[in-house]
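See structure below.
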Number of protein chains: 4
Amino acid sequence: MSYGQVFNLLKEKNLKNWLLYTKHDFVNLLSSDSLEEKYFLNYLIQDYLFLIQFSKAWSLAVLKSDTLEEMKISANTVNDLINFEMELHIKLCGSYNISKNDLESANEENENIAYTRYVLELGYSGDFLDLLSALAPCILGYGEIGMNGKNLKIKTPMYQKWIDTYSSDEYQDVCKNVANLIDQAFLLRLGSDYVNTYKWNKVNKIFNKATLLEIDFWNMALK
Amino acid sequence: MSYGQVFNLLKEKNLKNWLLYTKHDFVNLLSSDSLEEKYFLNYLIQDYLFLIQFSKAWSLAVLKSDTLEEMKISANTVNDLINFEMELHIKLCGSYNISKNDLESANEENENIAYTRYVLELGYSGDFLDLLSALAPCILGYGEIGMNGKNLKIKTPMYQKWIDTYSSDEYQDVCKNVANLIDQAFLLRLGSDYVNTYKWNKVNKIFNKATLLEIDFWNMALK
Amino acid sequence: MSYGQVFNLLKEKNLKNWLLYTKHDFVNLLSSDSLEEKYFLNYLIQDYLFLIQFSKAWSLAVLKSDTLEEMKISANTVNDLINFEMELHIKLCGSYNISKNDLESANEENENIAYTRYVLELGYSGDFLDLLSALAPCILGYGEIGMNGKNLKIKTPMYQKWIDTYSSDEYQDVCKNVANLIDQAFLLRLGSDYVNTYKWNKVNKIFNKATLLEIDFWNMALK
Amino acid sequence: MSYGQVFNLLKEKNLKNWLLYTKHDFVNLLSSDSLEEKYFLNYLIQDYLFLIQFSKAWSLAVLKSDTLEEMKISANTVNDLINFEMELHIKLCGSYNISKNDLESANEENENIAYTRYVLELGYSGDFLDLLSALAPCILGYGEIGMNGKNLKIKTPMYQKWIDTYSSDEYQDVCKNVANLIDQAFLLRLGSDYVNTYKWNKVNKIFNKATLLEIDFWNMALK
């Protein structure tokens, strides 16, 4: 499994935090079927609120695009998030008797605010590369987590379903499209020697910060 | 034909300019099959560039939404524009031997810049109601122009196709969804007495300015 | 001491959290001269990074203004922050042998990111009233904290200087100008019955959230 | 007279349009004391409306800054525009019996909208270099126009005053600060070989488009 050249370089440079994120206790507990339900529900509710803001951040990617192709992939991702992933959350929550109303009136935790507003603000203040570097840890990290758990058999149906979603061909295709979008966007704007640019230093910091905010998001769920 | 209460009120208050726009010489010449091809091509090329910016403006509507329903309709409109209306333009232009490359390297006329940047900047600086009021004249005006020409038989196939597009059930459905989005958005934010608010005065000015910029867009095509 | 009608109403509706913020342990410890220096330094460094983002948020207020008067007060506040308050922080830190370089390379804590990006993102996505409601707790809360400590004699010179800054006539004048800006902005946009609007409900949530993020900022300093 | 390396390169590459702008009939007529007063008043009124938007664009420069120094120069420019140049316009207009009210209720011409919204939208969607390249033609072009007319003696006092303003040491200092800001910003982000980057091509287009929109602004005044 590989999600493109730029992502691999960003991940390698921030590997310690990357593994703290993708192999976080929350993920390990879920994968070994030992996650208490209340923590999973914490997560599900906050993740629904997260997805609202994350869809908005991907809408900013449409605005920061330089080519029609970039606009299309970004707009398709907005659609996947709003019409597919958020609907899935509503259904999953429904099976726990958490209504759409409950979801929308839930309190947004500070760790959730920190992550989503960091990405959104960067989407407004930064350029396409800044924004993609802040969006990558979530999209592609979940792809990795899904693949890491691909062959697991988890008794709790909801946990199995969660892993299945992110290891599915559909989700992996989203990851590949985004990875390709990122590689092309860097090449177009910075040329093939992009690792020797001011921007490269900046996007590494952004990627690392977004990864730290992902870790805090898991921590929040386990509180 | 009616596109909702808010739109009707905005239109009534700015009726003179509204008619200068929807019954502009460009439209009359096209409808009576007397439009010189070069003017139609001017229009088509600029309109392609317009749609890129207009899709971006609708992406801002996702960001300025307060409800999931508002986000969905806005995101669907982005998709309609990028994956449907822009593809149609590329095909139409192709039949005149104007390539996608020609389209993308065409010079953006100042009248085009004025209109698109006015709407986009308002989308950034303004709120959801400001933005919708700037987007309405284009979306709903073309719906009206389409319906005004619904029973016409125009010899030039491209002109007939253009009218057919905007009088089609698909496009009229987009108009109805947008009209409904506007009505609901005003009610939610301003209550039923919205005509007696500071905002109402502001959105009237915006609607009227966007209408004037539409008129200038037709003028540009006929130059 | 009173900072205008709108602020008083917002404060009253969120009084419990307001007091948790303005009478936070950090403030009490500082006022009673029992704050460990390391906590004060934590705070000073993070507050410097905070002020960079906060100046940017006030720059957004210039963009969201509807009148020249609103633009002027907002621009003056940007100037006060950049040319006066940030310089003060650099000097204060200098007296602890923390260089400007140390400040600028310091790690931005997640609680700091949460607060600043929440305000900035709201400044981009929201309107003038949304933004002012997010900016008010910091500006006016520090004004209150300053006045609460006005007659204290604190041995630690830096703590005394800190209190003196926010109880000074200069800072209190900033507070009065901002309070007046807020009152006028609400009146202009919502009329005198603003408490019975959709917006009023929204700005209360914003004001309360920003207050909670202030509390988390103090908590961070004491970690 | 020289306003830095980046500006000189941008100007050289777009020299034909640059001269159409800085040696426009409007400027020539004013300099030779043959400009009809009504055209000057057209210009003054539209330029007042222009400055409101231009101050907002410079506020975006604060938001897009990467260093404190960049923030300071940008914020100072906002202040110069709001507290100095706009006040000058109000006074100049006052001497023609055009009140501040007249100015603020004047209709914003489409050419004015085109230019200001082009710059502002770029300030939102683009990065610091994009924005500076859109802001440069106005700030530095007026500096050149001022210096070109430095030794002229014009009978009409207002025309003399207008030239004097832009040839004054104060205004030339603003130009030098902005020129230096631009040079440093390009070096920091793109390195010394910035002419061989994707961005260089982009900013040339932006600089040229802003220059064309300046030409249209003069044309508008002479209508």
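Chain lettering (A, B, ...) mirrors the order of the structure tokens, residue numbering begins at 1 for each chain separately, and ligand numbering begins at 1 in order of display.
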Point to revise | chain B contacts on chain A, only C-alpha atoms, 8 Å, as a PyMOL selection string | key: chain A and resi 52+56-57+59-60+62-63+68+72+75-76+78-79+82-83
Exercise for review: Check segment 24-166 of chain A with DSSP on the backbone and list each residue it calls alpha helix (DSSP H), as a PyMOL selection string.
Suggested key: chain A and resi 25-31+37-64+68-79+86-94+100-105+110-125+128-148+157-166
Would you mind listing what lies within 10 Å of Cys175 of chain B as an mmCIF file with C-alpha atoms, in the first residue's frame, with only C-alpha atoms counted and same-chain residues fewer than 5 positions away left out?
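And here is the file that came out, around_6.cif:
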```cif
data_model
loop_
_atom_site.group_PDB
_atom_site.id
_atom_site.type_symbol
_atom_site.label_atom_id
_atom_site.label_comp_id
_atom_site.auth_asym_id
_atom_site.auth_seq_id
_atom_site.Cartn_x
_atom_site.Cartn_y
_atom_site.Cartn_z
ATOM 1 C CA SER B 2 -42.164 31.085 -10.079
ATOM 2 C CA TYR B 3 -38.905 30.674 -8.221
ATOM 3 C CA GLY B 4 -39.976 31.359 -4.685
ATOM 4 C CA ALA B 136 -29.546 34.181 -7.783
ATOM 5 C CA ILE B 139 -29.050 30.704 -11.883
ATOM 6 C CA LEU B 140 -32.669 31.881 -11.893
ATOM 7 C CA GLY B 141 -32.355 34.403 -14.719
ATOM 8 C CA TYR B 142 -31.186 31.664 -17.075
ATOM 9 C CA GLY B 143 -34.128 29.596 -15.866
ATOM 10 C CA GLU B 144 -36.486 32.411 -16.874
ATOM 11 C CA TYR B 166 -32.142 26.028 -19.739
ATOM 12 C CA ASP B 169 -36.766 19.790 -16.579
ATOM 13 C CA GLU B 170 -33.317 19.100 -15.151
ATOM 14 C CA ASN B 180 -36.362 26.864 -2.091
ATOM 15 C CA LEU B 181 -32.900 27.050 -0.535
#
```
Revision key, fill the gap. Between B:Val6, B:Ile206, B:Ala106, B:Leu152, smallest distance to Tyr43 of chain B by only C-alpha atoms belongs to B:Ala106
Revision key, fill the gap. What separates atom CA of Asp173 of chain A and atom CA of Ala185 of chain A is a distance of 18.1 Å
**Study point:** All residues 12 Å or closer to Trp162 of chain D, only C-alpha atoms, same chain fewer than 6 positions away omitted, as a list in words
**Key:** Val27, Leu30, Ser31, Asp33, Phe40, Tyr43, Leu44, Glu85, Leu88, His89, Lys91, Leu92, Cys93, Tyr142, Gly143, Ile145, Gly146, Met147, Gly149, Lys150, Leu152, Lys153, Ile154, Thr156, Ser168 and Tyr171 of chain D
